[in-house]
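Asks: Structure file my_file-v3.txt, compact mmCIF, C-alpha atoms, is pasted below:
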```
# COMPACT_ATOMS: atom_id res chain seq x y z
CA MET Z 176 -8.84 -22.01 -12.38
CA ALA Z 177 -9.35 -24.49 -9.56
CA ASP Z 178 -6.91 -22.53 -7.41
CA VAL Z 179 -8.46 -19.18 -8.36
CA ASN Z 180 -11.87 -20.57 -7.43
CA LEU Z 181 -10.57 -21.13 -3.90
CA VAL Z 182 -11.16 -17.39 -3.49
CA LYS Z 183 -14.90 -18.15 -3.52
CA THR Z 184 -14.48 -20.41 -0.48
CA LEU Z 185 -12.92 -17.66 1.63
CA PRO Z 186 -15.15 -15.89 4.12
CA ARG Z 187 -16.53 -12.65 2.68
CA PRO Z 188 -14.47 -10.43 5.03
CA ALA Z 189 -11.31 -12.28 3.93
CA ARG Z 190 -12.21 -11.83 0.25
CA GLN Z 191 -12.73 -8.12 0.87
CA GLN Z 192 -9.26 -7.85 2.41
CA LEU Z 193 -7.38 -10.32 0.19
CA PHE Z 194 -5.07 -7.59 -1.13
CA ARG Z 195 -3.58 -7.35 2.37
CA VAL Z 196 -1.72 -10.57 1.54
CA LEU Z 197 -1.96 -10.55 -2.25
CA GLY Z 198 -0.47 -7.06 -2.70
CA PRO Z 199 2.84 -7.80 -0.94
CA CYS Z 200 3.16 -11.01 -3.03
CA LEU Z 201 3.03 -9.22 -6.39
CA PRO Z 202 6.71 -8.23 -6.84
CA GLU Z 203 9.20 -10.58 -8.43
CA PRO Z 204 10.96 -12.23 -6.70
CA VAL Z 205 8.25 -12.84 -4.12
CA PRO Z 206 9.35 -11.43 -0.75
CA ASP Z 207 8.96 -13.43 2.44
CA VAL Z 208 5.28 -13.04 3.35
CA GLN Z 209 4.85 -16.12 5.51
CA GLY Z 210 4.17 -14.07 8.66
CA PRO Z 211 1.36 -11.98 7.13
CA LEU Z 212 -0.13 -15.10 5.48
CA ASP Z 213 -0.17 -16.97 8.80
CA GLU Z 214 -1.74 -13.97 10.55
CA PHE Z 215 -4.40 -13.65 7.85
CA CYS Z 216 -5.25 -17.36 8.15
CA ARG Z 217 -5.60 -17.11 11.93
CA GLU Z 218 -7.69 -13.95 11.70
CA PHE Z 219 -10.20 -15.44 9.26
CA GLY Z 220 -9.97 -19.16 10.15
CA ILE Z 221 -8.61 -20.15 6.75
CA ALA Z 222 -6.52 -23.23 5.93
CA GLY Z 223 -3.01 -22.00 5.05
CA PRO Z 224 -2.47 -24.22 1.98
CA ASP Z 225 -5.79 -23.07 0.46
CA LEU Z 226 -4.92 -19.42 0.94
CA VAL Z 227 -1.45 -19.88 -0.54
CA ARG Z 228 -2.87 -21.65 -3.62
CA ALA Z 229 -5.51 -18.92 -4.09
CA VAL Z 230 -2.96 -16.11 -3.68
CA LYS Z 231 -0.51 -17.75 -6.12
CA ALA Z 232 -3.24 -18.20 -8.74
CA CYS Z 233 -4.54 -14.64 -8.33
CA ARG Z 234 -0.98 -13.31 -8.43
CA PHE Z 235 -0.41 -15.14 -11.72
CA LEU Z 236 -3.57 -13.68 -13.28
CA LEU Z 237 -2.79 -10.15 -12.07
CA ARG Z 238 0.84 -10.25 -13.23
CA GLN Z 239 -0.10 -11.60 -16.67
CA ALA Z 240 -2.80 -8.96 -17.09
CA ALA Z 241 -0.38 -6.23 -16.04
CA MET Z 242 2.36 -7.52 -18.35
CA THR Z 243 0.00 -7.15 -21.31
CA ASN Z 244 -1.36 -3.82 -19.98
CA LEU Z 245 -4.89 -5.23 -19.90
CA GLY Z 246 -7.55 -2.70 -18.99
CA THR Z 247 -9.87 -3.23 -16.04
CA ALA Z 248 -12.91 -4.04 -18.19
CA ASP Z 249 -10.94 -6.55 -20.26
CA PHE Z 250 -9.57 -8.18 -17.10
CA ALA Z 251 -13.11 -8.53 -15.74
CA ALA Z 252 -14.23 -9.99 -19.09
CA ASP Z 253 -11.36 -12.50 -19.01
CA LEU Z 254 -12.32 -13.56 -15.49
CA ALA Z 255 -15.92 -14.05 -16.65
CA ALA Z 256 -14.70 -16.09 -19.62
CA LEU Z 257 -12.82 -18.28 -17.14
CA GLY Z 258 -16.08 -18.93 -15.31
CA ASP Z 259 -16.13 -16.22 -12.66
CA THR Z 260 -19.66 -15.33 -11.62
CA GLY Z 261 -18.61 -12.17 -9.82
CA GLU Z 262 -16.99 -13.22 -6.53
CA ILE Z 263 -13.46 -13.28 -7.95
CA SER Z 264 -13.74 -10.10 -10.00
CA GLU Z 265 -15.25 -8.30 -6.99
CA CYS Z 266 -12.20 -9.28 -4.99
CA LEU Z 267 -9.49 -8.71 -7.63
CA LEU Z 268 -10.82 -5.54 -9.24
CA SER Z 269 -10.69 -3.69 -5.92
CA GLY Z 270 -6.90 -3.62 -6.10
CA TYR Z 271 -6.39 -4.11 -9.81
CA ASP Z 272 -5.11 -0.65 -10.70
CA ALA Z 273 -2.60 -0.66 -7.82
CA ALA Z 274 -1.46 -4.18 -8.76
CA VAL Z 275 -0.94 -3.18 -12.38
CA LYS Z 276 1.08 -0.17 -11.28
CA VAL Z 277 3.39 -2.33 -9.13
CA VAL Z 278 4.02 -4.81 -11.93
CA ARG Z 279 4.43 -2.15 -14.63
CA LEU Z 280 7.02 -0.29 -12.52
CA GLU Z 281 8.87 -3.58 -12.03
CA ILE Z 282 8.76 -4.23 -15.79
CA THR Z 283 10.12 -0.75 -16.49
CA ALA Z 284 12.95 -1.09 -13.96
CA GLY Z 285 13.88 -4.54 -15.25
CA THR Z 286 13.81 -3.45 -18.87
CA LEU Z 287 16.11 -0.52 -18.14
CA ALA Z 288 18.49 -2.69 -16.11
CA ASP Z 289 18.63 -5.26 -18.93
CA HIS Z 290 20.32 -2.71 -21.16
CA GLY Z 291 23.00 -1.17 -19.00
CA LYS Z 292 23.40 1.69 -16.60
CA VAL Z 293 20.26 3.14 -14.98
CA VAL Z 294 20.37 6.67 -13.55
CA GLU Z 295 19.08 6.76 -9.97
CA ARG Z 296 19.83 10.34 -9.03
CA VAL Z 297 20.97 13.61 -10.59
CA SER Z 298 23.05 16.23 -8.77
CA TRP Z 299 24.19 19.51 -10.26
CA ARG Z 300 25.80 22.83 -9.62
CA VAL Z 301 26.66 25.87 -11.72
CA GLU Z 302 30.16 27.25 -11.96
CA GLN Z 303 31.74 29.92 -14.07
CA ILE Z 304 34.99 29.74 -15.96
CA ASP Z 305 36.83 32.93 -15.13
CA LEU Z 306 40.38 32.00 -15.94
CA SER Z 307 42.30 29.14 -17.54
CA ASN Z 308 45.57 28.59 -19.30
CA ARG Z 309 43.59 29.20 -22.52
CA GLY Z 310 42.41 32.71 -21.68
CA ASP Z 311 41.43 35.38 -19.15
CA GLN Z 312 37.97 36.65 -18.19
CA VAL Z 313 36.14 33.86 -20.03
CA GLY Z 314 32.92 34.40 -18.03
CA VAL Z 315 31.06 31.33 -19.28
CA PRO Z 316 28.65 29.49 -16.95
CA ILE Z 317 29.18 25.75 -16.80
CA VAL Z 318 26.80 23.16 -15.36
CA VAL Z 319 28.51 20.35 -13.48
CA LEU Z 320 26.16 17.37 -13.67
CA THR Z 321 26.68 14.20 -11.65
CA LEU Z 322 24.67 11.14 -12.60
CA SER Z 323 24.50 8.42 -9.96
CA TYR Z 324 23.67 5.09 -11.55
CA VAL Z 325 23.41 1.38 -10.97
CA GLU Z 326 24.63 -1.30 -13.34
CA GLY Z 327 24.27 -4.97 -12.51
CA GLY Z 328 23.87 -4.21 -8.81
CA ARG Z 329 26.97 -1.99 -8.72
CA HIS Z 330 26.41 1.66 -7.82
CA ASP Z 331 28.64 4.32 -9.36
CA ARG Z 332 28.53 7.86 -10.69
CA ILE Z 333 29.90 10.02 -13.45
CA THR Z 334 30.37 13.77 -13.44
CA LEU Z 335 30.06 15.73 -16.66
CA GLN Z 336 30.51 19.40 -17.49
CA MET Z 337 28.06 21.11 -19.80
CA GLY Z 338 28.50 24.40 -21.56
CA PRO Z 339 25.62 26.61 -22.70
CA ASP Z 340 25.15 24.86 -26.08
CA SER Z 341 24.90 21.32 -24.70
CA LEU Z 342 22.69 22.59 -21.86
CA ARG Z 343 20.31 24.08 -24.42
CA GLU Z 344 20.20 20.75 -26.26
CA LEU Z 345 19.43 18.93 -23.01
CA ARG Z 346 16.70 21.42 -22.15
CA ALA Z 347 15.14 21.10 -25.62
CA MET Z 348 15.00 17.34 -25.16
CA CYS Z 349 13.43 17.69 -21.70
CA ASP Z 350 10.90 20.22 -23.00
CA ARG Z 351 9.97 17.84 -25.79
CA LEU Z 352 9.44 14.95 -23.39
CA SER Z 353 7.25 16.90 -20.97
```
Give the structure from the file, written as structure tokens.
Replies:
Amino acid sequence: MADVNLVKTLPRPARQQLFRVLGPCLPEPVPDVQGPLDEFCREFGIAGPDLVRAVKACRFLLRQAAMTNLGTADFAADLAALGDTGEISECLLSGYDAAVKVVRLEITAGTLADHGKVVERVSWRVEQIDLSNRGDQVGVPIVVLTLSYVEGGRHDRITLQMGPDSLRELRAMCDRLS
């Protein structure tokens, strides 16, 4: 909490804009944000090490709250239980919903990737079977579905053909999910 309490020592305008530097630090792994941190420190006359410690501590709290899908009121209550008298919650609650969304999307993407291929894009077209070595004037519409996916950093795709019965099954599943 000592590092989180450094937020209280920031000038009020810096506290009000903390998500300018905290927001970009939320993803895992942390991207290179040294430039924006340095600029923020210069703009508000803040010691760099203090800002970094405060941002890391706030990032930890936000990520943990998002990982457990903690509601805004519960997050505020947790901050109060940790000794916040309002300055920290005022600062962190302003961007809380957006922070939770970033972390939850990351959790979803990581969870999908942990278990194999993840569809990134769907392409399709409709064709009709008119003639084959099996018969003439078949006249059946066929959906050609291409799923572009990523697996372990490798991008690939698979193309499948779907007749009317399997297309109805797919539609029933989609209707059920929406």
Asks: Please list as number ranges by chain every residue within 6 Å of range 322-324 of chain Z, counting only C-alpha atoms and excluding residues in the same chain fewer than 6 positions away.
Replies: Z: 293-297, 330-333
Asks: Now that the selection is made, can you save its residues with C-alpha atoms as an mmCIF file, keeping the file's coordinate frame?
Replies:
```cif
data_model
loop_
_atom_site.group_PDB
_atom_site.id
_atom_site.type_symbol
_atom_site.label_atom_id
_atom_site.label_comp_id
_atom_site.auth_asym_id
_atom_site.auth_seq_id
_atom_site.Cartn_x
_atom_site.Cartn_y
_atom_site.Cartn_z
ATOM 1 C CA VAL Z 293 20.260 3.140 -14.980
ATOM 2 C CA VAL Z 294 20.370 6.670 -13.550
ATOM 3 C CA GLU Z 295 19.080 6.760 -9.970
ATOM 4 C CA ARG Z 296 19.830 10.340 -9.030
ATOM 5 C CA VAL Z 297 20.970 13.610 -10.590
ATOM 6 C CA HIS Z 330 26.410 1.660 -7.820
ATOM 7 C CA ASP Z 331 28.640 4.320 -9.360
ATOM 8 C CA ARG Z 332 28.530 7.860 -10.690
ATOM 9 C CA ILE Z 333 29.900 10.020 -13.450
#
```
Asks: Using all atoms listed in the file, find the one residue out of Z:Ala251, Z:Leu185, Z:Ala240, Z:Leu245 that sits nearest to Leu226 in chain Z.
Replies: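 For Leu226 in chain Z, the nearest of the given residues is Z:Leu185.
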Asks: To one decimal place in Å, what is the distance between CA of Pro339 in chain Z and CA of Trp299 in chain Z?
Replies: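 Result for CA of Pro339 in chain Z versus CA of Trp299 in chain Z: 14.4 Å, one decimal.
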Asks: Do you have the CA of Arg351 in chain Z-CA of Ser298 in chain Z distance handy?
Replies: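 It comes out at 21.5 Å.
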Asks: Tell me which of Z:Leu287, Z:Ala248, Z:Val313, Z:Ile221 sits closest to Asp272 in chain Z, counting only C-alpha atoms.
Replies: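 With only C-alpha atoms as the atom set, the closest residue is Z:Ala248.
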Asks: Using only C-alpha atoms, which of Z:Asp249, Z:Glu326, Z:Asp259, Z:Asp340 sits nearest Gly285 in chain Z?
Replies: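 Closest to Gly285 in chain Z of all the choices is Z:Glu326.
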Asks: Quick one: residues within 12 Å of Thr184 in chain Z, all atoms listed in the file, excluding same-chain residues fewer than 6 positions away - as an NGL selection string?
Replies: :Z and (177-178 or 190 or 219-222 or 225-226 or 229 or 262-263)
Asks: Quick one: of Z:Gly338, Z:Gly246, Z:Gly327, Z:Gly270, who's nearest to Gly314 in chain Z, counting only C-alpha atoms?
Replies: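 With only C-alpha atoms as the atom set, the closest residue is Z:Gly338.
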Asks: Expressed in Å to a single decimal, how great is the separation between CA of Gln303 in chain Z and CA of Thr321 in chain Z?
Replies: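 Those two atoms sit 16.7 Å apart.
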Asks: Excluding same-chain residues fewer than 2 positions from Val227 in chain Z, what lies within 12 Å of it counting only C-alpha atoms, as number ranges by chain?
Replies: Z: 178-179, 181-182, 185, 193, 196-197, 200, 208-209, 211-213, 215-216, 221-225, 229-234
Asks: Tell me which of Z:Arg309, Z:Arg279, Z:Arg187, Z:Arg329 sits closest to Pro202 in chain Z, counting all atoms listed in the file.
Replies: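 Closest candidate: Z:Arg279.
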Asks: Any chance you could work out the axis-aligned box around range 260-274 of chain Z, listed atoms only, 5 Å on each side, giving centre and edge lengths in Å to one decimal, as JSON?
Replies:
```
{"center_x": -10.6, "center_y": -8.0, "center_z": -8.3, "size_x": 28.2, "size_y": 24.7, "size_z": 16.6}
```
Asks: Let me make sure I understand: among Z:Met337, Z:Leu268, Z:Leu257, Z:Val325, which one has the smallest atom-to-atom distance to Ile304 in chain Z if we use all atoms listed in the file?
Replies: Z:Met337
Asks: Counting all atoms listed in the file, I want the residues whose atoms come within 8 Å of (2.4, -8.6, -15.3) in the file frame, returned as a list in words.
Replies: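 Collected hits near the coordinates: Phe235, Leu237, Arg238, Gln239, Ala240, Ala241, Met242, Thr243, Asn244, Val275, Val278, Arg279 and Ile282 of chain Z.
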Asks: For the residues selected in the previous step, produce a file with C-alpha atoms as a PDB file, in the coordinates of the input.
Replies:
```pdb
ATOM      1  CA  PHE Z 235      -0.410 -15.140 -11.720  1.00  0.00           C
ATOM      2  CA  LEU Z 237      -2.790 -10.150 -12.070  1.00  0.00           C
ATOM      3  CA  ARG Z 238       0.840 -10.250 -13.230  1.00  0.00           C
ATOM      4  CA  GLN Z 239      -0.100 -11.600 -16.670  1.00  0.00           C
ATOM      5  CA  ALA Z 240      -2.800  -8.960 -17.090  1.00  0.00           C
ATOM      6  CA  ALA Z 241      -0.380  -6.230 -16.040  1.00  0.00           C
ATOM      7  CA  MET Z 242       2.360  -7.520 -18.350  1.00  0.00           C
ATOM      8  CA  THR Z 243       0.000  -7.150 -21.310  1.00  0.00           C
ATOM      9  CA  ASN Z 244      -1.360  -3.820 -19.980  1.00  0.00           C
ATOM     10  CA  VAL Z 275      -0.940  -3.180 -12.380  1.00  0.00           C
ATOM     11  CA  VAL Z 278       4.020  -4.810 -11.930  1.00  0.00           C
ATOM     12  CA  ARG Z 279       4.430  -2.150 -14.630  1.00  0.00           C
ATOM     13  CA  ILE Z 282       8.760  -4.230 -15.790  1.00  0.00           C
TER      14      ILE Z 282
END
```
